[in-house]
>>> print(open('target.cif').read())   # mmCIF, C-alpha atoms
data_protein
#
loop_
_atom_site.label_atom_id
_atom_site.label_comp_id
_atom_site.auth_asym_id
_atom_site.auth_seq_id
_atom_site.Cartn_x
_atom_site.Cartn_y
_atom_site.Cartn_z
CA MET S 1 12.97 -11.55 -1.78
CA LEU S 2 14.75 -8.22 -1.60
CA SER S 3 13.20 -5.86 0.93
CA ILE S 4 14.06 -2.50 -0.57
CA SER S 5 12.21 -0.81 2.29
CA ASN S 6 14.32 -2.51 4.93
CA LEU S 7 17.63 -1.83 3.21
CA LEU S 8 16.97 1.78 2.22
CA CYS S 9 14.66 2.94 5.01
CA ASN S 10 15.22 0.38 7.81
CA HIS S 11 11.59 -0.75 7.62
CA GLN S 12 11.05 -3.55 10.15
CA ALA S 13 8.64 -6.29 9.06
CA GLY S 14 9.55 -8.78 11.79
CA ASN S 15 11.09 -11.42 9.53
CA GLU S 16 14.55 -9.90 9.15
CA ARG S 17 16.23 -12.70 11.10
CA LEU S 18 14.82 -15.28 8.68
CA ARG S 19 15.68 -13.21 5.62
CA TYR S 20 19.29 -12.45 6.52
CA GLY S 21 20.18 -15.66 8.32
CA HIS S 22 21.72 -17.77 5.53
CA GLN S 23 25.28 -16.44 5.50
CA GLY S 24 27.87 -19.19 5.84
CA ALA S 25 25.57 -22.07 4.83
CA ASP S 26 27.43 -24.74 2.88
CA ALA S 27 26.98 -28.28 1.59
CA SER S 28 27.47 -29.77 5.06
CA HIS S 29 24.57 -27.75 6.46
CA ILE S 30 21.00 -29.05 6.07
CA PRO S 31 18.90 -25.97 5.31
CA ARG S 32 15.30 -25.71 6.51
CA PRO S 33 13.32 -24.34 3.56
CA VAL S 34 10.29 -22.13 3.37
CA VAL S 35 7.89 -24.51 1.59
CA VAL S 36 5.62 -23.24 -1.18
CA TRP S 37 2.92 -25.90 -1.34
CA ALA S 38 0.53 -25.87 -4.30
CA VAL S 39 -2.30 -27.82 -2.69
CA THR S 40 -4.33 -27.99 -5.91
CA LYS S 41 -3.97 -27.22 -9.61
CA ALA S 42 -7.57 -26.03 -9.77
CA CYS S 43 -8.20 -22.33 -10.31
CA ASN S 44 -11.21 -20.24 -11.25
CA LEU S 45 -9.10 -17.81 -13.32
CA LYS S 46 -6.85 -18.17 -16.39
CA CYS S 47 -3.85 -15.94 -15.72
CA VAL S 48 -1.54 -15.52 -18.69
CA HIS S 49 1.65 -15.77 -16.61
CA CYS S 50 0.61 -18.63 -14.26
CA TYR S 51 3.76 -20.59 -13.39
CA ALA S 52 1.62 -23.58 -12.33
CA SER S 53 -0.34 -23.70 -15.62
CA ALA S 54 -3.45 -23.99 -13.44
CA THR S 55 -6.61 -25.60 -14.81
CA ALA S 56 -10.33 -25.34 -14.13
CA GLY S 57 -10.34 -28.59 -12.17
CA ALA S 58 -8.01 -30.43 -9.85
CA ALA S 59 -5.14 -32.50 -11.26
CA ALA S 60 -5.47 -36.29 -11.30
CA GLY S 61 -3.97 -37.84 -8.20
CA GLU S 62 -3.76 -34.79 -5.96
CA LEU S 63 -2.73 -35.54 -2.38
CA SER S 64 -5.62 -36.75 -0.24
CA HIS S 65 -6.61 -35.08 3.01
CA GLY S 66 -4.76 -37.72 5.01
CA GLU S 67 -1.64 -37.40 2.87
CA ALA S 68 -1.76 -33.63 3.22
CA LEU S 69 -1.94 -33.88 7.01
CA ALA S 70 1.08 -36.20 6.93
CA VAL S 71 2.99 -33.60 4.91
CA LEU S 72 2.25 -31.00 7.56
CA ASP S 73 3.37 -33.39 10.32
CA ASP S 74 6.67 -33.87 8.51
CA LEU S 75 7.20 -30.15 7.88
CA ALA S 76 6.55 -29.37 11.53
CA ALA S 77 8.95 -32.09 12.72
CA PHE S 78 11.55 -30.81 10.22
CA GLN S 79 11.08 -27.32 11.71
CA VAL S 80 10.64 -25.49 8.43
CA PRO S 81 10.33 -21.74 9.02
CA ALA S 82 7.06 -21.32 7.10
CA VAL S 83 4.53 -22.95 4.76
CA LEU S 84 2.92 -20.95 1.97
CA PHE S 85 -0.37 -22.50 0.79
CA SER S 86 -0.59 -21.87 -2.94
CA GLY S 87 -2.02 -23.39 -6.12
CA GLY S 88 -3.73 -23.08 -8.56
CA GLU S 89 -6.09 -21.29 -6.28
CA PRO S 90 -5.69 -22.88 -2.82
CA LEU S 91 -9.18 -21.82 -1.73
CA ALA S 92 -10.56 -24.04 -4.51
CA ARG S 93 -9.44 -27.07 -2.49
CA PRO S 94 -12.40 -28.10 -0.29
CA ASP S 95 -10.34 -28.94 2.82
CA ILE S 96 -8.03 -25.91 2.75
CA ILE S 97 -9.41 -24.42 5.97
CA SER S 98 -8.86 -27.75 7.71
CA LEU S 99 -5.25 -27.81 6.45
CA ILE S 100 -4.57 -24.27 7.64
CA ARG S 101 -6.15 -25.09 10.99
CA TYR S 102 -3.95 -28.16 11.37
CA ALA S 103 -0.82 -26.19 10.40
CA ARG S 104 -1.69 -23.66 13.07
CA TYR S 105 -2.25 -26.49 15.58
CA LEU S 106 1.28 -27.72 14.79
CA SER S 107 2.60 -24.16 15.33
CA LEU S 108 3.72 -23.98 11.71
CA PRO S 109 3.89 -20.37 10.52
CA CYS S 110 1.70 -20.29 7.42
CA THR S 111 0.48 -17.86 4.80
CA LEU S 112 -1.98 -18.02 1.93
CA SER S 113 -1.30 -17.03 -1.70
CA THR S 114 -4.60 -16.36 -3.47
CA ASN S 115 -6.26 -14.46 -6.29
CA GLY S 116 -8.80 -13.28 -3.70
CA THR S 117 -11.94 -13.89 -5.74
CA LEU S 118 -13.16 -16.66 -3.43
CA ILE S 119 -12.81 -14.61 -0.24
CA ASP S 120 -16.38 -13.62 0.50
CA ASP S 121 -17.47 -12.66 4.03
CA ALA S 122 -17.92 -16.28 5.08
CA MET S 123 -14.46 -17.28 3.85
CA ALA S 124 -12.86 -14.22 5.41
CA ASP S 125 -14.48 -15.19 8.73
CA GLN S 126 -13.07 -18.70 8.46
CA LEU S 127 -9.57 -17.45 7.66
CA ALA S 128 -9.69 -15.16 10.68
CA ASP S 129 -11.15 -17.90 12.90
CA VAL S 130 -8.31 -20.34 12.15
CA GLY S 131 -5.81 -17.65 13.05
CA LEU S 132 -4.29 -16.97 9.63
CA LYS S 133 -2.03 -13.94 9.99
CA TYR S 134 -1.10 -13.11 6.39
CA VAL S 135 -2.69 -13.34 2.96
CA GLY S 136 -0.83 -12.58 -0.26
CA VAL S 137 -3.23 -11.38 -2.97
CA SER S 138 -2.33 -11.07 -6.64
CA LEU S 139 -3.12 -7.91 -8.61
CA ASP S 140 -1.98 -7.39 -12.18
CA GLY S 141 -2.78 -3.72 -12.74
CA CYS S 142 -5.75 -1.42 -13.13
CA GLU S 143 -9.24 -2.91 -13.34
CA VAL S 144 -9.37 -3.37 -17.12
CA ARG S 145 -5.84 -4.71 -17.35
CA HIS S 146 -6.18 -7.04 -14.37
CA ASP S 147 -9.39 -8.59 -15.66
CA LYS S 148 -7.90 -9.12 -19.10
CA LEU S 149 -4.70 -10.71 -17.78
CA ARG S 150 -6.68 -12.88 -15.37
CA GLY S 151 -9.19 -13.97 -18.00
CA ARG S 152 -12.40 -12.91 -16.25
CA ALA S 153 -14.43 -9.73 -16.04
CA GLY S 154 -15.12 -8.62 -12.48
CA ALA S 155 -12.04 -10.30 -10.99
CA TYR S 156 -10.44 -6.99 -10.00
CA LEU S 157 -13.39 -5.81 -7.94
CA GLN S 158 -13.65 -9.19 -6.21
CA THR S 159 -9.95 -9.10 -5.36
CA LEU S 160 -10.16 -5.57 -4.03
CA ALA S 161 -13.14 -6.56 -1.89
CA ALA S 162 -11.15 -9.52 -0.55
CA ILE S 163 -8.33 -7.20 0.56
CA GLN S 164 -10.83 -5.04 2.41
CA ARG S 165 -12.51 -8.04 4.06
CA CYS S 166 -9.19 -9.40 5.30
CA ARG S 167 -8.07 -6.05 6.67
CA ARG S 168 -11.36 -5.53 8.51
CA ARG S 169 -10.68 -8.82 10.30
CA GLY S 170 -7.13 -7.92 11.22
CA ILE S 171 -5.44 -10.19 8.66
CA LYS S 172 -2.26 -8.68 7.25
CA VAL S 173 -2.38 -8.38 3.44
CA GLY S 174 0.33 -8.26 0.84
CA VAL S 175 -0.18 -7.49 -2.84
CA ARG S 176 1.74 -9.43 -5.49
CA PHE S 177 2.30 -7.76 -8.83
CA THR S 178 4.04 -9.71 -11.62
CA VAL S 179 5.47 -7.04 -13.88
CA HIS S 180 5.94 -7.25 -17.65
CA ALA S 181 5.39 -5.16 -20.77
CA LEU S 182 1.59 -5.48 -20.59
CA ASN S 183 1.19 -3.89 -17.15
CA ILE S 184 4.30 -1.92 -16.17
CA MET S 185 2.39 1.30 -16.84
CA ASP S 186 0.16 0.53 -13.82
CA LEU S 187 2.92 0.41 -11.20
CA ASP S 188 2.08 3.84 -9.73
CA GLU S 189 -1.59 2.91 -9.46
CA ILE S 190 -0.77 -0.33 -7.66
CA CYS S 191 1.48 1.49 -5.18
CA GLU S 192 -1.22 4.04 -4.38
CA LEU S 193 -3.85 1.31 -4.09
CA CYS S 194 -1.72 -0.41 -1.45
CA ALA S 195 -1.37 2.83 0.49
CA ALA S 196 -5.11 3.53 0.31
CA HIS S 197 -6.17 0.07 1.48
CA ASP S 198 -3.77 -0.49 4.37
CA VAL S 199 -1.76 -3.13 2.53
CA ALA S 200 1.37 -3.99 4.48
CA ARG S 201 3.56 -5.35 1.69
CA LEU S 202 3.94 -4.96 -2.06
CA CYS S 203 5.91 -7.73 -3.77
CA ILE S 204 7.01 -6.94 -7.31
CA TYR S 205 7.65 -10.25 -9.10
CA HIS S 206 9.90 -10.37 -12.13
CA LEU S 207 8.68 -12.74 -14.86
CA ALA S 208 9.93 -16.29 -14.16
CA TYR S 209 9.47 -18.03 -17.58
CA ALA S 210 7.67 -20.98 -15.98
CA GLY S 211 4.33 -22.62 -16.80
CA ARG S 212 2.28 -20.30 -19.00
CA GLY S 213 4.79 -17.57 -18.15
CA LYS S 214 7.31 -19.40 -20.32
CA GLY S 215 5.36 -18.25 -23.36
CA MET S 216 5.67 -14.61 -22.27
CA GLN S 217 9.43 -14.23 -22.68
CA ARG S 218 8.98 -11.79 -25.56
CA LEU S 219 6.86 -9.62 -23.24
CA ASP S 220 9.46 -9.45 -20.49
CA LEU S 221 11.01 -6.09 -19.75
CA THR S 222 14.26 -5.17 -21.45
CA ALA S 223 17.37 -4.65 -19.36
CA HIS S 224 16.90 -0.88 -19.63
CA GLU S 225 13.23 -1.10 -18.60
CA THR S 226 14.04 -3.39 -15.68
CA ARG S 227 16.75 -1.07 -14.44
CA ASN S 228 14.36 1.90 -14.60
CA LEU S 229 11.67 -0.10 -12.82
CA VAL S 230 13.94 -1.03 -9.94
CA LYS S 231 15.32 2.49 -9.64
CA LYS S 232 11.76 3.78 -9.51
CA LEU S 233 10.99 1.33 -6.71
CA PHE S 234 13.95 2.68 -4.76
CA ALA S 235 12.46 6.16 -5.08
CA LYS S 236 8.97 4.90 -4.16
CA CYS S 237 10.28 3.38 -0.93
CA ILE S 238 11.93 6.62 0.10
CA GLU S 239 8.85 8.63 -0.91
CA PHE S 240 6.42 6.43 1.01
CA HIS S 241 8.70 6.35 4.05
CA GLY S 242 8.79 10.14 3.97
CA ARG S 243 4.99 10.27 3.76
CA GLY S 244 4.69 8.04 6.82
CA ILE S 245 3.13 5.19 4.82
CA PRO S 246 4.27 1.85 6.34
CA LEU S 247 4.29 -0.08 3.05
CA GLU S 248 7.11 -2.57 2.64
CA ILE S 249 8.20 -2.84 -0.99
CA LEU S 250 10.06 -5.95 -2.15
CA THR S 251 11.25 -7.42 -5.43
CA VAL S 252 11.21 -11.15 -6.08
CA ASP S 253 13.05 -13.55 -8.43
CA ASN S 254 15.76 -11.28 -9.75
CA HIS S 255 18.78 -11.09 -7.46
CA ALA S 256 20.49 -8.62 -9.77
CA ASP S 257 18.28 -6.14 -7.90
CA ALA S 258 20.45 -6.61 -4.80
CA ALA S 259 23.58 -5.82 -6.78
CA TYR S 260 21.92 -2.79 -8.36
CA LEU S 261 20.93 -1.48 -4.93
CA LEU S 262 24.59 -1.66 -3.89
CA LEU S 263 25.61 0.14 -7.08
CA GLU S 264 23.16 2.93 -6.33
CA LEU S 265 24.45 3.25 -2.77
CA GLU S 266 28.02 3.42 -4.03
CA GLY S 267 27.00 6.58 -5.86
CA THR S 268 24.63 8.15 -3.32
CA SER S 269 25.50 6.82 0.16
CA PRO S 270 28.93 5.17 0.08
CA GLY S 271 29.05 5.13 3.86
CA ARG S 272 26.19 2.62 3.94
CA VAL S 273 27.56 0.16 1.37
CA ALA S 274 29.44 -2.11 3.79
CA GLU S 275 26.51 -2.39 6.20
CA VAL S 276 23.95 -3.12 3.48
CA ARG S 277 26.25 -5.53 1.69
CA GLU S 278 26.70 -7.52 4.89
CA ARG S 279 22.94 -7.85 5.24
CA LEU S 280 22.62 -8.90 1.60
CA ARG S 281 25.38 -11.48 2.02
CA GLY S 282 23.24 -12.86 4.84
CA THR S 283 20.43 -13.58 2.38
CA GLY S 284 22.74 -15.81 0.37
CA GLY S 285 21.22 -14.53 -2.88
CA ASN S 286 19.06 -17.03 -4.72
CA ARG S 287 18.21 -19.88 -2.34
CA SER S 288 16.47 -22.33 -4.67
CA GLY S 289 17.15 -25.85 -3.45
CA CYS S 290 18.47 -24.51 -0.15
CA ASN S 291 16.06 -22.33 1.81
CA ILE S 292 13.15 -22.48 -0.62
CA ALA S 293 11.32 -25.67 -1.63
CA ALA S 294 8.08 -26.46 -3.40
CA ILE S 295 5.56 -29.28 -3.35
CA ASP S 296 3.10 -29.57 -6.24
CA PRO S 297 -0.48 -30.89 -6.03
CA VAL S 298 0.48 -34.56 -6.58
CA GLY S 299 3.34 -34.48 -4.07
CA ASN S 300 6.34 -33.88 -6.33
CA VAL S 301 9.11 -31.92 -4.64
CA HIS S 302 10.87 -29.14 -6.58
CA TYR S 303 13.80 -26.86 -5.82
CA ASP S 304 11.59 -23.77 -6.00
CA GLN S 305 8.02 -22.88 -6.94
CA PHE S 306 8.98 -22.23 -10.58
CA SER S 307 10.71 -25.56 -11.25
CA TRP S 308 7.75 -27.90 -11.75
CA HIS S 309 9.45 -29.21 -14.89
CA TYR S 310 12.05 -30.94 -12.68
CA THR S 311 11.27 -33.27 -9.79
CA CYS S 312 13.62 -34.01 -6.89
CA GLY S 313 11.38 -36.65 -5.31
CA ASN S 314 7.81 -37.26 -4.19
CA VAL S 315 6.37 -37.11 -0.67
CA ARG S 316 4.45 -40.34 -1.33
CA GLN S 317 7.77 -42.18 -1.59
CA ALA S 318 9.77 -40.22 0.98
CA PRO S 319 8.94 -37.25 3.23
CA LEU S 320 10.22 -33.85 2.21
CA SER S 321 12.50 -33.82 5.25
CA LYS S 322 14.32 -36.91 3.92
CA ILE S 323 14.45 -35.67 0.32
CA TRP S 324 15.85 -32.33 1.49
CA SER S 325 18.25 -33.68 4.09
CA GLU S 326 19.81 -36.40 1.98
CA ALA S 327 19.83 -34.36 -1.25
CA THR S 328 20.52 -37.42 -3.39
CA ASP S 329 19.05 -35.68 -6.44
CA SER S 330 21.89 -34.27 -8.54
CA ARG S 331 20.41 -30.80 -9.06
CA LEU S 332 19.39 -30.44 -5.45
CA ALA S 333 22.89 -31.36 -4.31
CA LEU S 334 24.59 -28.99 -6.74
CA LEU S 335 22.35 -26.06 -5.82
CA ARG S 336 23.70 -26.21 -2.27
CA ASN S 337 27.17 -25.33 -3.54
CA ARG S 338 26.66 -24.00 -7.05
CA LYS S 339 29.10 -21.14 -7.48
CA ASP S 340 31.82 -23.06 -9.31
CA SER S 341 29.22 -24.43 -11.78
CA LEU S 342 27.72 -21.08 -12.78
CA PRO S 343 28.56 -19.26 -16.02
CA LYS S 344 31.93 -17.50 -16.19
CA ARG S 345 30.26 -14.08 -16.06
CA CYS S 346 28.59 -15.01 -12.76
CA ARG S 347 31.72 -16.59 -11.28
CA GLU S 348 33.72 -13.44 -11.97
CA CYS S 349 31.02 -10.98 -10.86
CA ARG S 350 31.85 -8.95 -7.76
CA PHE S 351 28.25 -9.34 -6.62
CA LEU S 352 28.12 -13.15 -6.71
CA ASP S 353 27.87 -13.32 -2.92
CA VAL S 354 24.61 -11.35 -2.94
CA CYS S 355 23.09 -12.93 -6.09
CA ASN S 356 24.25 -16.56 -6.23
CA GLY S 357 23.63 -16.83 -9.96
CA ASN S 358 20.00 -15.67 -10.01
CA LEU S 359 17.06 -17.88 -11.09
CA ARG S 360 18.01 -21.23 -12.63
CA THR S 361 14.56 -21.90 -14.12
CA ARG S 362 14.65 -18.66 -16.10
CA ALA S 363 18.16 -19.47 -17.34
CA GLU S 364 17.03 -22.93 -18.45
CA ALA S 365 13.96 -21.60 -20.25
CA ALA S 366 15.98 -18.91 -22.02
CA CYS S 367 19.05 -20.85 -23.12
CA GLY S 368 18.27 -24.54 -22.57
CA ASP S 369 20.88 -24.96 -19.84
CA TRP S 370 19.82 -24.94 -16.21
CA LEU S 371 23.35 -23.83 -15.29
CA GLY S 372 23.39 -21.21 -18.03
CA PHE S 373 23.19 -17.43 -17.82
CA ASP S 374 19.99 -15.87 -16.48
CA PRO S 375 19.09 -13.13 -19.00
CA ALA S 376 17.26 -11.15 -16.32
CA CYS S 377 20.61 -9.79 -15.13
CA TYR S 378 20.67 -6.19 -16.38
CA LEU S 379 24.07 -5.14 -15.03
CA THR S 380 26.84 -4.19 -17.45
CA ASP S 381 30.24 -5.86 -17.67
CA GLU S 382 31.81 -2.68 -16.27
CA GLU S 383 29.48 -2.63 -13.27
CA ILE S 384 30.17 -6.20 -12.22
CA ALA S 385 33.95 -6.06 -12.71
CA PRO S 386 36.08 -6.14 -9.55
CA LEU S 387 36.84 -2.71 -8.16
CA PRO S 388 40.45 -1.54 -8.50
CA ARG S 389 42.43 -1.97 -5.30
#
>>> encode(input="target.cif", output="structure tokens")
Amino acid sequence: MLSISNLLCNHQAGNERLRYGHQGADASHIPRPVVVWAVTKACNLKCVHCYASATAGAAAGELSHGEALAVLDDLAAFQVPAVLFSGGEPLARPDIISLIRYARYLSLPCTLSTNGTLIDDAMADQLADVGLKYVGVSLDGCEVRHDKLRGRAGAYLQTLAAIQRCRRRGIKVGVRFTVHALNIMDLDEICELCAAHDVARLCIYHLAYAGRGKGMQRLDLTAHETRNLVKKLFAKCIEFHGRGIPLEILTVDNHADAAYLLLELEGTSPGRVAEVRERLRGTGGNRSGCNIAAIDPVGNVHYDQFSWHYTCGNVRQAPLSKIWSEATDSRLALLRNRKDSLPKRCRECRFLDVCNGNLRTRAEAACGDWLGFDPACYLTDEEIAPLPR
């Protein structure tokens, strides 16, 4: 995640130490990953870009309640920095409140990623009662567009009501907006909605080409459109900061955004470039297989939440802590020290230390090579060339 608000406006969200603490990690260091755990494949919606290819019912062989508790025990002992309960729709899993309660008992920082439609007053009360601090809610645009992309009329109003219910109970809310050609025109509306409903964070997700999203490649933004989008987000952050609106704006899954932010500062605020670059170097760029991990509903471990097509192990055979620490899987091991294996354009890019080759799953979907070039990079050859000494 790239916190544009923090880097441009010094917005403090409280997680800066976690975000910028990866500088200097190498193959000899065992990283503790944020774990995105899809606790079920079941979902009540049919989103066109769903990276999990969620279904109406649970997958065969999903982890039992006892197995799920054992996963949480392992994650707590491994001292992972956070667990993100995801899906499918995690609230479709009958024991989800029990799992969140147990994670809280173990002092595991945890968040919930949801479409919001199942958060009625009773569910909102339960989430507040177990001490959940943050809920990430997905919105895909204005009412008509959201309902169409999510495959159900009325979903937008239910999601908006869920945001309001969570805020009334003191639960911090973030909105997640996956942007593509079918909804980019609604960006301004989403920003203003966040401001109007006391949303703390807006995460703009670039399309990841995973699950059903793999079939949407032709609807991804062009390089020119992506550049304009990100530049507009820079302006939105500054505008909202000036208006006194404490909305944190982030982009996710395209680390070319970090490089582009530095390019913009080189032109507008050259005195800030060194300071911001040092912070960005601390993120380590893309951290798939290092500081981000995923567990799917049947216990398969993946190097990020978009890589369900490739399995590094299964928690039924070995705990995640062992799979992650030993890194015997070839991809997992290479991701820890990947720079020499990236495409020539990446290896020679002056921003490699803040990007780390971008998203491997998108590269694999686009060109058939998981170590190939990620087409989401929108920087020109001239922009990434080393500066003259």
>>> closest_residue(input="target.cif", among="S:Val130, S:Gly61, S:Met1, S:Asp95", to="Asn286 in chain S", atoms="only C-alpha atoms")
S:Met1
>>> closest_atom_pairs(input="target.cif", of="range 255-344 of chain S", to="range 359-374 of chain S", cutoff="8 Å", atoms="only C-alpha atoms", output="Markdown table")
| residue | atom | partner | partner_atom | distance |
| --- | --- | --- | --- | --- |
| S:His255 | CA | S:Leu359 | CA | 7.9 |
| S:Asn286 | CA | S:Leu359 | CA | 6.7 |
| S:Ser288 | CA | S:Leu359 | CA | 7.8 |
| S:Phe306 | CA | S:Thr361 | CA | 6.6 |
| S:Ser307 | CA | S:Thr361 | CA | 6.0 |
| S:Ser341 | CA | S:Leu371 | CA | 6.9 |
| S:Leu342 | CA | S:Leu371 | CA | 5.7 |
| S:Pro343 | CA | S:Gly372 | CA | 5.9 |
>>> atom_distance(input="target.cif", atom1="CA of Ser330 in chain S", atom2="CA of Val252 in chain S")
25.6 Å
>>> resolve_selection(input="target.cif", expression="the PyMOL selection byres ((chain S and resi 169) around 8)", output="list in words")
Ala124, Asp125, Ala128, Arg165, Cys166, Arg167, Arg168, Gly170 and Ile171 of chain S
>>> closest_residue(input="target.cif", among="S:Leu263, S:Leu332, S:Val301, S:Ala200", to="Thr380 in chain S", atoms="all atoms listed in the file")
S:Leu263
>>> closest_residue(input="target.cif", among="S:Ile384, S:Pro375, S:Cys43, S:His65", to="Leu352 in chain S", atoms="all atoms listed in the file")
S:Ile384
>>> atom_distance(input="target.cif", atom1="CA of Asn228 in chain S", atom2="CA of Glu143 in chain S")
24.1 Å
>>> decode(input="target.cif", residues="range 92-111 of chain S", atoms="N, CA and C atoms", output="tab-separated table (two decimals), in the first residue's frame")
chain	number	residue	atom	x	y	z
S	92	ALA	N	-20.14	-14.58	5.86
S	92	ALA	CA	-20.96	-15.73	5.48
S	92	ALA	C	-20.52	-17.00	6.22
S	93	ARG	N	-19.36	-16.97	6.84
S	93	ARG	CA	-18.90	-18.11	7.62
S	93	ARG	C	-19.56	-18.06	9.00
S	94	PRO	N	-20.26	-19.11	9.42
S	94	PRO	CA	-21.05	-19.05	10.65
S	94	PRO	C	-20.26	-18.74	11.91
S	95	ASP	N	-18.98	-19.15	11.97
S	95	ASP	CA	-18.23	-18.96	13.22
S	95	ASP	C	-17.28	-17.77	13.15
S	96	ILE	N	-17.51	-16.83	12.24
S	96	ILE	CA	-16.57	-15.74	12.06
S	96	ILE	C	-16.43	-14.89	13.32
S	97	ILE	N	-17.51	-14.63	14.01
S	97	ILE	CA	-17.42	-13.81	15.23
S	97	ILE	C	-16.57	-14.53	16.28
S	98	SER	N	-16.73	-15.83	16.38
S	98	SER	CA	-15.91	-16.61	17.30
S	98	SER	C	-14.43	-16.52	16.92
S	99	LEU	N	-14.13	-16.55	15.63
S	99	LEU	CA	-12.73	-16.47	15.19
S	99	LEU	C	-12.15	-15.09	15.49
S	100	ILE	N	-12.91	-14.05	15.25
S	100	ILE	CA	-12.44	-12.70	15.56
S	100	ILE	C	-12.23	-12.55	17.06
S	101	ARG	N	-13.17	-13.08	17.83
S	101	ARG	CA	-13.05	-13.01	19.29
S	101	ARG	C	-11.78	-13.72	19.76
S	102	TYR	N	-11.49	-14.88	19.18
S	102	TYR	CA	-10.31	-15.63	19.60
S	102	TYR	C	-9.03	-14.89	19.18
S	103	ALA	N	-9.03	-14.29	17.98
S	103	ALA	CA	-7.88	-13.51	17.55
S	103	ALA	C	-7.63	-12.35	18.52
S	104	ARG	N	-8.69	-11.71	18.94
S	104	ARG	CA	-8.56	-10.62	19.90
S	104	ARG	C	-8.03	-11.14	21.24
S	105	TYR	N	-8.50	-12.31	21.67
S	105	TYR	CA	-8.02	-12.92	22.90
S	105	TYR	C	-6.51	-13.18	22.84
S	106	LEU	N	-6.03	-13.55	21.65
S	106	LEU	CA	-4.61	-13.82	21.46
S	106	LEU	C	-3.80	-12.54	21.23
S	107	SER	N	-4.48	-11.40	21.29
S	107	SER	CA	-3.85	-10.09	21.04
S	107	SER	C	-3.31	-9.95	19.62
S	108	LEU	N	-3.97	-10.63	18.69
S	108	LEU	CA	-3.63	-10.50	17.27
S	108	LEU	C	-4.37	-9.29	16.69
S	109	PRO	N	-3.68	-8.30	16.19
S	109	PRO	CA	-4.37	-7.22	15.50
S	109	PRO	C	-5.13	-7.80	14.30
S	110	CYS	N	-6.39	-7.48	14.18
S	110	CYS	CA	-7.18	-8.07	13.09
S	110	CYS	C	-8.14	-7.05	12.50
S	111	THR	N	-8.43	-7.24	11.23
S	111	THR	CA	-9.37	-6.41	10.50
S	111	THR	C	-10.29	-7.31	9.70
